[in-house]
Structure formats: C-alpha cells, structure tokens
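One file, work25.txt, is given below (compact mmCIF, C-alpha atoms).
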# COMPACT_ATOMS: atom_id res chain seq x y z
CA MET N 1 -6.87 -13.96 -42.93
CA GLN N 2 -7.10 -10.25 -42.84
CA VAL N 3 -4.80 -8.76 -40.23
CA ARG N 4 -6.02 -5.85 -38.19
CA SER N 5 -3.68 -3.00 -37.79
CA TRP N 6 -4.81 -2.42 -34.18
CA GLY N 7 -4.56 -5.86 -32.77
CA MET N 8 -6.21 -9.23 -32.45
CA ARG N 9 -9.85 -10.03 -31.94
CA ALA N 10 -10.94 -10.55 -28.36
CA GLY N 11 -11.23 -14.31 -28.87
CA GLN N 12 -7.64 -14.55 -30.02
CA ARG N 13 -6.56 -12.20 -27.26
CA MET N 14 -8.24 -14.32 -24.60
CA ALA N 15 -6.52 -17.42 -25.89
CA HIS N 16 -3.18 -15.77 -25.14
CA ALA N 17 -4.29 -14.43 -21.79
CA GLY N 18 -3.09 -15.79 -18.48
CA SER N 19 0.11 -15.28 -16.59
CA GLU N 20 1.21 -12.68 -19.12
CA ASP N 21 -1.79 -10.52 -18.31
CA GLN N 22 -1.25 -11.01 -14.59
CA GLU N 23 2.34 -9.84 -14.85
CA LEU N 24 1.21 -6.91 -16.96
CA LEU N 25 -1.38 -5.98 -14.38
CA ARG N 26 1.14 -6.29 -11.56
CA GLN N 27 3.44 -3.86 -13.36
CA LEU N 28 0.50 -1.60 -14.09
CA ALA N 29 -0.47 -1.52 -10.42
CA ARG N 30 3.10 -0.47 -9.59
CA GLY N 31 2.75 2.49 -11.93
CA ASN N 32 4.74 1.28 -14.92
CA PRO N 33 3.52 3.39 -17.88
CA ALA N 34 4.86 0.91 -20.43
CA ALA N 35 2.72 -1.84 -18.87
CA PHE N 36 -0.34 0.34 -19.11
CA GLN N 37 0.43 1.17 -22.73
CA THR N 38 0.78 -2.51 -23.59
CA CYS N 39 -2.42 -3.37 -21.77
CA TYR N 40 -4.28 -0.56 -23.50
CA GLU N 41 -3.04 -1.56 -26.93
CA ARG N 42 -4.05 -5.14 -26.33
CA HIS N 43 -7.54 -4.59 -25.06
CA GLN N 44 -8.83 -1.25 -26.25
CA GLY N 45 -9.66 -2.49 -29.77
CA PRO N 46 -12.00 -5.35 -28.76
CA ILE N 47 -13.61 -3.25 -26.01
CA PHE N 48 -14.16 -0.28 -28.28
CA ARG N 49 -15.57 -2.46 -31.10
CA PHE N 50 -17.85 -4.33 -28.71
CA VAL N 51 -19.34 -1.10 -27.39
CA TRP N 52 -19.54 0.39 -30.85
CA HIS N 53 -21.43 -2.61 -32.23
CA MET N 54 -23.67 -2.63 -29.20
CA SER N 55 -24.42 1.08 -29.12
CA GLY N 56 -23.86 2.13 -32.70
CA ASN N 57 -22.39 5.33 -31.35
CA ARG N 58 -18.75 6.23 -31.56
CA THR N 59 -18.91 8.73 -28.70
CA THR N 60 -20.51 6.16 -26.41
CA ALA N 61 -17.86 3.65 -27.44
CA GLU N 62 -15.08 6.10 -26.56
CA GLU N 63 -16.68 7.08 -23.28
CA VAL N 64 -17.20 3.49 -22.22
CA THR N 65 -13.68 2.48 -23.27
CA GLN N 66 -12.31 5.40 -21.29
CA GLU N 67 -14.36 4.43 -18.23
CA VAL N 68 -13.19 0.81 -18.48
CA PHE N 69 -9.53 1.78 -18.51
CA LEU N 70 -9.97 4.41 -15.82
CA GLN N 71 -11.40 1.72 -13.57
CA LEU N 72 -8.41 -0.46 -14.40
CA ILE N 73 -6.04 2.42 -13.56
CA HIS N 74 -7.70 3.24 -10.25
CA LYS N 75 -8.56 -0.23 -9.02
CA PRO N 76 -6.35 -2.84 -10.70
CA GLN N 77 -6.59 -4.99 -7.58
CA LYS N 78 -10.26 -5.62 -8.30
CA PHE N 79 -9.31 -8.04 -11.06
CA ASP N 80 -9.22 -11.57 -9.70
CA PRO N 81 -7.34 -13.97 -12.01
CA ALA N 82 -9.15 -16.89 -10.36
CA LYS N 83 -12.44 -15.62 -11.75
CA GLY N 84 -11.39 -15.29 -15.38
CA THR N 85 -9.21 -13.50 -17.88
CA LEU N 86 -8.36 -9.82 -17.91
CA ALA N 87 -10.16 -9.44 -21.24
CA GLY N 88 -13.27 -11.02 -19.74
CA TYR N 89 -13.02 -8.69 -16.75
CA LEU N 90 -12.72 -5.64 -18.99
CA PHE N 91 -15.63 -6.77 -21.15
CA GLY N 92 -17.68 -7.19 -17.97
CA ILE N 93 -16.93 -3.59 -16.94
CA ALA N 94 -17.69 -2.35 -20.45
CA ARG N 95 -20.99 -4.19 -20.45
CA ASN N 96 -22.05 -2.72 -17.10
CA VAL N 97 -20.98 0.82 -17.97
CA MET N 98 -22.66 0.58 -21.35
CA ARG N 99 -25.88 -0.66 -19.80
CA ARG N 100 -25.94 2.30 -17.47
CA GLN N 101 -25.25 4.70 -20.30
CA MET N 102 -27.80 3.16 -22.62
CA ALA N 103 -30.44 3.11 -19.95
CA MET N 104 -30.12 6.88 -19.90
CA SER N 105 -30.27 7.29 -23.65
CA PHE N 106 -32.60 6.30 -26.42
CA LEU N 107 -29.92 4.64 -28.44
CA ASP N 108 -30.86 1.15 -27.47
CA VAL N 109 -34.26 1.01 -29.10
CA PRO N 110 -34.28 -2.21 -31.05
CA LEU N 111 -36.43 -2.45 -34.05
CA GLU N 112 -39.51 -4.52 -33.75
CA ASP N 113 -38.66 -8.08 -32.89
CA GLU N 114 -40.35 -9.73 -35.78
CA GLU N 115 -41.68 -13.18 -35.57
CA LEU N 116 -39.26 -15.42 -37.32
CA SER N 117 -40.62 -17.73 -39.83
CA ASP N 118 -39.38 -21.13 -40.73
CA ASP N 119 -40.59 -20.52 -44.19
CA PRO N 120 -38.05 -22.08 -46.57
CA ALA N 121 -38.41 -19.01 -48.74
CA LEU N 122 -36.67 -17.03 -46.03
CA ALA N 123 -33.71 -19.34 -46.15
CA ALA N 124 -32.70 -17.67 -49.33
CA ASP N 125 -29.14 -17.26 -50.42
CA PHE N 126 -27.06 -14.20 -49.64
CA ASP N 127 -25.95 -13.46 -53.13
CA MET N 128 -27.28 -9.94 -52.93
CA LEU N 129 -25.17 -9.33 -49.88
CA THR N 130 -22.08 -10.18 -51.79
CA GLU N 131 -23.13 -8.15 -54.76
CA LEU N 132 -23.76 -4.97 -52.83
CA ASP N 133 -21.18 -2.26 -52.70
CA ARG N 134 -18.84 -2.89 -49.77
CA GLN N 135 -19.68 0.31 -47.97
CA GLU N 136 -23.41 -0.23 -48.45
CA ARG N 137 -23.09 -3.76 -47.27
CA LEU N 138 -21.28 -2.79 -44.12
CA GLU N 139 -23.77 -0.06 -43.30
CA LEU N 140 -26.63 -2.38 -43.89
CA LEU N 141 -25.13 -5.06 -41.74
CA HIS N 142 -24.33 -2.61 -38.99
CA LYS N 143 -27.89 -1.31 -38.94
CA SER N 144 -29.23 -4.84 -38.93
CA VAL N 145 -26.99 -5.83 -36.05
CA LEU N 146 -28.05 -2.75 -34.11
CA ALA N 147 -31.65 -3.66 -34.70
CA LEU N 148 -31.24 -6.95 -32.87
CA PRO N 149 -32.40 -7.13 -29.24
CA ALA N 150 -29.51 -6.45 -26.87
CA ALA N 151 -29.22 -10.01 -25.52
CA TYR N 152 -28.94 -11.47 -29.03
CA ARG N 153 -26.73 -8.68 -30.23
CA GLU N 154 -24.27 -9.32 -27.39
CA ALA N 155 -23.98 -12.97 -28.30
CA LEU N 156 -23.53 -12.15 -31.99
CA VAL N 157 -20.92 -9.45 -31.37
CA LEU N 158 -18.90 -11.57 -28.96
CA CYS N 159 -19.05 -14.87 -30.84
CA ASP N 160 -19.25 -13.82 -34.49
CA LEU N 161 -17.52 -10.46 -34.57
CA GLU N 162 -14.96 -10.94 -31.81
CA GLU N 163 -14.67 -14.70 -32.42
CA MET N 164 -14.92 -15.61 -28.78
CA SER N 165 -15.57 -19.18 -27.70
CA TYR N 166 -18.91 -20.04 -26.13
CA PRO N 167 -17.38 -20.50 -22.64
CA ALA N 168 -15.63 -17.12 -22.85
CA ALA N 169 -18.78 -15.37 -24.02
CA ALA N 170 -20.81 -17.19 -21.37
CA ALA N 171 -18.41 -15.95 -18.69
CA ILE N 172 -18.84 -12.36 -19.84
CA LEU N 173 -22.60 -12.61 -20.24
CA ASN N 174 -23.08 -14.49 -16.95
CA CYS N 175 -25.13 -17.22 -18.51
CA PRO N 176 -24.71 -20.88 -19.45
CA GLU N 177 -22.97 -21.80 -22.69
CA GLY N 178 -26.20 -23.31 -23.99
CA THR N 179 -27.90 -19.95 -23.61
CA VAL N 180 -25.13 -18.27 -25.57
CA ALA N 181 -25.48 -20.85 -28.32
CA SER N 182 -29.24 -20.46 -28.56
CA ARG N 183 -29.05 -16.65 -28.47
CA LEU N 184 -26.44 -16.72 -31.20
CA HIS N 185 -28.53 -19.03 -33.32
CA ARG N 186 -31.54 -16.80 -32.88
CA ALA N 187 -29.52 -13.66 -33.55
CA ARG N 188 -28.29 -15.08 -36.84
CA ALA N 189 -31.78 -16.06 -37.84
CA MET N 190 -33.10 -12.61 -36.99
CA LEU N 191 -30.27 -10.96 -38.86
CA LYS N 192 -30.98 -13.07 -41.88
CA SER N 193 -34.65 -12.20 -41.69
CA ARG N 194 -33.83 -8.51 -41.33
CA LEU N 195 -31.57 -8.56 -44.35
CA GLN N 196 -34.23 -10.33 -46.36
CA SER N 197 -36.81 -7.78 -45.38
CA MET N 198 -34.47 -5.08 -46.53
CA ARG N 199 -34.23 -6.89 -49.84
CA CYS N 200 -30.57 -7.60 -49.47
CA VAL N 201 -31.17 -11.24 -49.95
CA ARG N 202 -33.32 -13.01 -52.37
CA MET T 1 -20.99 -26.14 -43.85
CA ASN T 2 -23.94 -24.01 -44.80
CA PRO T 3 -22.75 -21.66 -47.59
CA GLN T 4 -25.38 -19.09 -46.62
CA ARG T 5 -24.03 -18.90 -43.12
CA ASP T 6 -20.56 -18.67 -44.57
CA VAL T 7 -21.53 -15.61 -46.54
CA LEU T 8 -23.13 -14.05 -43.47
CA SER T 9 -20.13 -14.91 -41.31
CA ASP T 10 -17.75 -13.45 -43.86
CA ALA T 11 -19.84 -10.31 -44.07
CA LEU T 12 -19.88 -10.01 -40.28
CA ARG T 13 -16.15 -10.55 -40.10
CA GLU T 14 -15.66 -7.94 -42.74
CA MET T 15 -17.83 -5.57 -40.73
CA SER T 16 -15.80 -6.29 -37.64
CA ASP T 17 -12.57 -5.59 -39.50
CA ALA T 18 -13.97 -2.35 -40.82
CA SER T 19 -15.05 -1.18 -37.38
CA PRO T 20 -13.69 2.20 -36.37
CA GLN T 21 -10.89 2.51 -33.87
CA ALA T 22 -10.75 4.56 -30.74
CA SER T 23 -9.17 7.93 -31.38
CA PRO T 24 -5.50 8.33 -30.50
CA GLU T 25 -6.51 11.16 -28.17
CA LEU T 26 -8.29 8.62 -25.99
CA GLY T 27 -5.08 6.64 -25.56
CA ALA T 28 -3.13 9.81 -24.83
CA SER T 29 -5.64 11.07 -22.28
CA LEU T 30 -5.72 7.69 -20.56
CA GLY T 31 -1.92 7.66 -20.48
CA GLU T 32 -1.99 11.06 -18.80
CA ALA T 33 -4.66 9.90 -16.36
CA PHE T 34 -2.47 6.92 -15.51
CA ALA T 35 0.57 9.14 -14.91
CA ARG T 36 -1.49 11.59 -12.81
CA HIS T 37 -3.01 8.80 -10.73
CA HIS T 38 0.34 7.24 -9.92
CA ALA T 39 1.99 10.60 -9.24
CA ARG T 40 -0.79 11.29 -6.73
CA ARG T 41 -0.39 7.82 -5.25
CA ARG T 42 3.36 8.28 -4.88
CA ARG T 43 2.81 11.67 -3.22
CA ARG T 44 0.31 10.09 -0.83
CA ASN T 45 2.77 7.31 0.00
CA ARG T 46 5.58 9.78 0.61
CA THR T 47 3.34 11.86 2.87
CA ALA T 48 2.36 8.74 4.79
CA ILE T 49 6.02 7.81 5.23
CA VAL T 50 6.90 11.31 6.43
CA ILE T 51 3.97 11.30 8.87
CA GLY T 52 5.01 7.86 10.10
CA LEU T 53 8.60 8.97 10.63
CA ALA T 54 7.45 12.11 12.43
CA ALA T 55 5.22 10.01 14.67
CA CYS T 56 8.13 7.65 15.43
CA LEU T 57 10.35 10.63 16.22
CA ALA T 58 7.72 12.17 18.49
CA ILE T 59 7.26 8.85 20.32
CA SER T 60 11.04 8.48 20.71
CA VAL T 61 11.37 12.00 22.11
CA ALA T 62 8.49 11.37 24.51
CA LEU T 63 10.09 8.11 25.66
CA LEU T 64 13.45 9.79 26.13
CA ARG T 65 11.86 12.54 28.18
CA ALA T 66 10.00 10.02 30.27
CA ASN T 67 13.26 8.15 30.80
CA LYS T 68 15.02 11.34 31.83
CA GLN T 69 12.27 12.12 34.33
CA THR T 70 12.59 8.63 35.76
CA ASN T 71 16.33 9.14 36.20
CA THR T 72 15.77 12.46 37.97
CA ALA T 73 13.22 10.82 40.22
CA ARG T 74 15.77 8.15 41.02
CA VAL T 75 18.20 10.82 42.23
CA ALA T 76 15.42 12.32 44.30
CA ARG T 77 14.95 9.03 46.15
CA PRO T 78 16.87 8.32 49.39
CA ILE T 79 20.60 8.48 48.84
CA SER T 80 21.08 4.88 49.82
CA GLU T 81 18.87 3.75 46.93
CA VAL T 82 20.68 6.03 44.51
CA ALA T 83 24.01 4.60 45.55
CA LYS T 84 22.79 1.08 45.08
CA THR T 85 21.65 1.62 41.51
CA PRO T 86 24.21 3.52 39.48
CA SER T 87 23.89 3.26 35.75
CA PRO T 88 25.93 0.29 34.51
CA GLU T 89 28.04 2.31 32.08
CA GLN T 90 29.19 4.59 34.88
CA LYS T 91 30.52 1.83 37.11
CA VAL T 92 34.16 2.00 38.03
CA VAL T 93 35.97 -1.15 38.99
CA VAL T 94 38.05 -0.45 42.05
CA PRO T 95 40.94 -2.83 42.75
CA GLU T 96 40.54 -5.17 45.70
CA SER T 97 43.77 -3.98 47.21
CA TRP T 98 42.35 -0.55 47.49
CA LYS T 99 40.77 0.06 50.91
CA PRO T 100 38.90 3.13 51.94
CA GLU T 101 40.66 3.38 55.27
CA PRO T 102 42.51 6.67 55.61
CA PRO T 103 41.94 7.10 59.35
CA THR T 104 42.48 10.78 59.47
CA ILE T 105 39.95 11.46 56.85
CA THR T 106 37.46 9.11 58.41
CA LYS T 107 37.86 10.93 61.65
CA ALA T 108 37.42 14.20 59.95
CA VAL T 109 34.14 13.13 58.52
CA ALA T 110 32.89 11.34 61.57
CA LYS T 111 30.78 14.21 62.65
CA PRO T 112 29.23 15.00 59.31
CA ARG T 113 28.32 11.36 58.99
CA LEU T 114 25.63 12.11 61.49
CA ASN T 115 24.26 14.63 59.12
CA ALA T 116 23.81 11.91 56.52
CA THR T 117 21.87 9.95 59.10
CA LYS T 118 19.66 12.94 59.46
CA ILE T 119 18.81 12.82 55.74
CA ASN T 120 17.78 9.21 55.76
CA LYS T 121 16.10 9.06 59.11
CA PRO T 122 14.97 12.47 60.19
CA ARG T 123 13.15 11.02 63.22
CA ASN T 124 16.48 9.95 64.76
CA GLN T 125 17.90 13.43 65.00
CA GLY T 126 18.57 13.14 68.66
CA VAL T 127 20.67 9.96 68.64
CA GLU T 128 23.94 11.34 67.23
CA ALA T 129 26.12 9.58 69.75
CA GLN T 130 24.96 6.12 68.82
CA PRO T 131 27.37 3.96 66.78
CA ALA T 132 26.61 3.74 63.09
CA SER T 133 27.15 1.08 60.46
CA GLU T 134 27.77 2.25 56.95
CA GLN T 135 26.67 0.97 53.61
CA THR T 136 28.21 2.01 50.32
CA GLY T 137 27.24 1.51 46.75
CA ASP T 138 29.28 1.35 43.56
CA PHE T 139 31.42 4.20 42.43
CA VAL T 140 29.89 6.41 39.76
CA ALA T 141 32.39 7.76 37.27
CA LEU T 142 32.58 11.50 36.80
CA SER T 143 33.26 13.24 33.53
CA THR T 144 36.85 13.86 34.66
CA PHE T 145 37.52 10.12 34.91
CA ASP T 146 40.32 9.05 32.60
CA PRO T 147 40.42 5.30 32.06
CA ALA T 148 44.02 5.57 30.87
CA VAL T 149 45.24 6.57 34.34
CA PRO T 150 45.76 3.47 36.54
CA LEU T 151 43.44 3.44 39.52
CA GLY T 152 46.07 1.88 41.70
CA GLU T 153 47.78 5.25 42.02
CA SER T 154 44.65 7.02 43.07
CA ARG T 155 43.27 7.45 46.56
CA MET T 156 39.92 7.67 48.17
CA VAL T 157 38.82 10.54 50.36
CA ARG T 158 35.70 10.43 52.46
CA MET T 159 34.05 13.79 52.55
CA ASP T 160 30.88 15.35 53.74
CA LEU T 161 29.87 17.48 50.81
CA PRO T 162 26.86 19.65 50.11
CA GLY T 163 24.68 18.39 47.27
CA SER T 164 25.55 21.45 45.20
CA ALA T 165 29.27 20.59 45.37
CA LEU T 166 28.50 17.06 44.20
CA GLN T 167 26.53 18.49 41.33
CA GLN T 168 29.41 20.79 40.41
CA ILE T 169 31.82 17.91 40.02
CA GLY T 170 29.33 16.21 37.74
CA TYR T 171 27.32 13.90 39.98
CA PRO T 172 23.57 14.06 39.18
CA VAL T 173 21.79 15.42 42.26
CA ASP T 174 18.13 16.25 42.61
CA GLY T 175 17.32 19.88 43.26
CA GLN T 176 15.89 19.07 46.69
CA LEU T 177 19.23 17.72 47.90
CA LEU T 178 21.39 20.65 46.79
CA ASP T 179 21.34 22.25 50.24
CA ARG T 180 21.90 19.07 52.18
CA ARG T 181 25.21 17.56 53.11
CA ILE T 182 25.94 14.09 51.87
CA LEU T 183 28.62 11.71 53.07
CA THR T 184 30.63 10.76 50.04
CA ASP T 185 33.68 8.71 49.10
CA VAL T 186 35.56 10.53 46.36
CA LEU T 187 38.12 8.67 44.29
CA VAL T 188 40.90 11.18 43.62
CA GLY T 189 43.30 10.46 40.80
CA GLN T 190 47.04 10.90 40.68
CA ASP T 191 46.52 14.31 39.15
CA GLY T 192 44.28 15.40 42.02
CA MET T 193 41.11 15.28 39.97
CA PRO T 194 38.00 13.54 41.34
CA TYR T 195 37.42 10.45 39.19
CA ALA T 196 34.46 8.81 40.79
CA VAL T 197 32.07 9.23 43.65
CA ARG T 198 30.10 6.87 45.81
CA LEU T 199 27.57 7.78 48.44
CA VAL T 200 27.82 6.42 51.94
CA GLN T 201 24.75 5.56 53.93
CA THR T 202 25.06 5.31 57.64
CA ARG T 203 22.74 3.50 60.03
CA ASN T 204 22.57 3.80 63.74
CA VAL T 205 23.33 0.58 65.57
CA HIS T 206 21.51 0.00 68.81

Written form, structure tokens:
Amino acid sequence: MQVRSWGMRAGQRMAHAGSEDQELLRQLARGNPAAFQTCYERHQGPIFRFVWHMSGNRTTAEEVTQEVFLQLIHKPQKFDPAKGTLAGYLFGIARNVMRRQMAMSFLDVPLEDEELSDDPALAADFDMLTELDRQERLELLHKSVLALPAAYREALVLCDLEEMSYPAAAAILNCPEGTVASRLHRARAMLKSRLQSMRCVR
Amino acid sequence: MNPQRDVLSDALREMSDASPQASPELGASLGEAFARHHARRRRRNRTAIVIGLAACLAISVALLRANKQTNTARVARPISEVAKTPSPEQKVVVPESWKPEPPTITKAVAKPRLNATKINKPRNQGVEAQPASEQTGDFVALSTFDPAVPLGESRMVRMDLPGSALQQIGYPVDGQLLDRRILTDVLVGQDGMPYAVRLVQTRNVH
C-alpha cells in the first residue's frame, strides 16, 4: 500500500479516533499548541482533499480547511463526542462551509447528468485507463469526478477516495447507510459512463 | 471481484494519493491564530480575575465601613447599653477578691453620680436626692493595659469624667457625649496607668 507523506486517509483516521481525540481536544481547549499541531496534522489532509475533490479548486480547499480549523480553535466545546468522531465533526463543518461557498460561486456546475444505460457495451473494460499517461489519467479522473452531481460526488469521495465506511460516511452526510451505498453505486456507474464517453475506456 | 471496478478503484486511489496538500503557510497561519486566540482568552481571564478581586475588595471595604459605623452608633447609644456590650476581645477578667469599694472615692463621686442619672433619664433632673442603684458592665481594656502586670496589685477608682477625658485615655466615645460627664470605674495599675474602664449606670430608687 502506498503510504502518504501527510497522513492517513480519513477512514483509517476515524478507525483510530475516540478517547485519543477527546484528550487532544481537551488539551487544545486549554491552549496547548502542541495539541493543536497534532490535531491539525491528523485531520487537515483528509479535510483538504475532500474539499479539493468536491470543489476542484485549491483556493476553496484552503479557505474551507482554514475555516474548519478556525471554528475548532474558537469553539472546541461544540464538538460532542457522544454524537460522533472528531473527524466526522470536522467533515461536517467542511461540508457546510463548502456548501455556502459553492452556493456563491459557479464552481459547482455539474456536467449534464446523462441517462445511464445498462447497455452491456458500456460495461467495457478499463484498459485504456491503465494505458493512459499517469498525469493524463489523473486529470481525466479528476474532471470526471468533478462532473458528478454533488450528492454522488460526496459519496464517492468519502467512500472511495477517503476509504470511509458506509456508517461513517452516512453520519457525515446525514443520511441512511443504504442511501450512501446507492449513491456510491450510481456515482461509480456515472463515472464509468463519463470515462467511456471521453473515450478512455473501450 | 469485478476487475473493471478494481481498475477504477485503483485509479481513484491513485488520484487520492496524488491529491495536492494544503500549503505549509496555512498550517503556520492557523498556528498563529491559535496562539493569538488563546493569548486573548488568557488576557480576558486575567482581567476577569482582577475585576473580581477588585469587587471583593470593594465589598470588604464597604462592609468594614458599615461595621465601623455600627460600632460608632453603639457608642452613641445610652451608656448603660454600651457598658453591657463591650467587644469580647477587650474584656478584662477582674479577680473575685477585688471589690470596688474604696469608700472615700465613692463618696467623692456621689454627687457626680447624679449627673450620670441626668444623661440616662433627663426627665428626672429634679430628683437628685433620691437613692440610686447602680449597674455596671464589663471592664473594657485600654491600650495601656499590660497583661503581664498582675491585676491583683491594681486598684479601682470611681470617677466622674467628661467624655473627652475618657476618649483621651482610649475609650471609644461618641462625639455627642464628649461634653457630658460619665460615671466611670477606672482600673489603675501598679504603675499608676489606667488599664481598663467600665461605665456605671445609676438608677433612682423610689
């Protein structure tokens, strides 16, 4: 498995969450800079990536990440461990802030939501995807992910990119696990269709 | 497992791994914001503590002043009441053997005793010749009192003193009583210094 230089994925992070995060937050509320640094290093990566994949804009991602951590600095007592993990709480803030920001911009204009076909021809293999140049492939994928409708994109980013479990994603998205599963399934199908239409797949 | 999905999942994972990171400046600015926020919070807390202490101090001073005024008012009450309620720390224990009976002195102050009657009962000014019963309170120690000197070698002198004289020897007297004469038992030590004072109230007996 490829190891990230800036930390674990959100799914892995949430698996380790719990009393450790509570203690960290307690220290943070007391004004311990080391606790804040640890907390930032743990959570900024997943938050930043989530916003970046959702908005496709680095500046937005930085602004939202900053806003998330500023809220944590100013009101750490708002986090209730009984309601979920710290990562989930931070993702929730990021989602709300991002929604506000994107409502004011034109960044979140999904491409036309094409009617998906069950045509077996569309279930082609992804050989082309593997054959493409890495950089091209990543750009293509990124554009395709951005083209997904926001609700599907969220599910895909949380479950496939951040490797969160369905319950964790459902807690962040405020919806049942079944909804997350169906959105994810649909997001994958749409992504596949998009890639095919862009002739990345045969 | 579906190999197509595997390829897609791998590609997505690869994309996730290749995602950009937040700039180090963001971390630094957030660190500064954290430090600023908590410095402000600490300043606020310190200010609140200082204000709280100042409020406590002000309340204490106000209470002390009120207490002082109450004490002054107590002196301003009739002498008999003052004599009955000396402050506990000023009480002097006088030995039982010690009797306030120096006849010459008592005689000497017999006349002024009537003056004390005048203070308590101004309406009875004309009944000087009537016999009087006396009531005394506890002795109140003066600043000259030395606990090391045995009281047994001291003596008591009954005197009719003006309020101002009582005040001079350290007995708290209200300003209104400074001109009046007050019948007083003075406990005089071996060295001739007044150690304690008690006020004598006299009542006419019909």

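For the pair CA of Asp146 (chain T) and CA of Gly192 (chain T), the interatomic distance is 12.0 Å.
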
With the cut-off set at 6 Å and counting only C-alpha atoms, tabulate each residue of chain T with an atom at most that distance from an atom of chain N, showing the nearest atom pair and its distance in Å to one decimal, ordered by chain and increasing number, as CSV.
residue,atom,partner,partner_atom,distance
T:Gln4,CA,N:Asp125,CA,5.7
T:Arg13,CA,N:Leu161,CA,5.7
T:Met15,CA,N:Leu138,CA,5.6
T:Ser16,CA,N:Leu161,CA,5.5
T:His38,CA,N:Gly31,CA,5.7

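If you look at CA of Arg99 (chain N) and CA of Leu184 (chain N), they are 19.7 Å away from each other.
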
Task: Contacts of region 167-183 of chain N at 10 Å (all atoms listed in the file; same-chain gap of 3+ positions) as a PyMOL selection string - done: chain N and resi 10-11+14-15+83-85+87-93+95+151-159+162-164+186-189

Open item on the list: Report as a PyMOL selection string all protein, DNA and RNA residues lying within 7 Å of Gln135 (chain T), evaluated on all atoms listed in the file, omitting residues in the same chain fewer than 3 positions from it.
Closed with: chain T and resi 200-202

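One finds CA of Arg26 (chain N) at 11.9 Å from CA of Lys78 (chain N).
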
Task: Shortest interatomic distance to Ser19 (chain N) - which of N:Tyr166, N:Leu86, N:Asp133, N:His185, counting all atoms listed in the file - done: N:Leu86
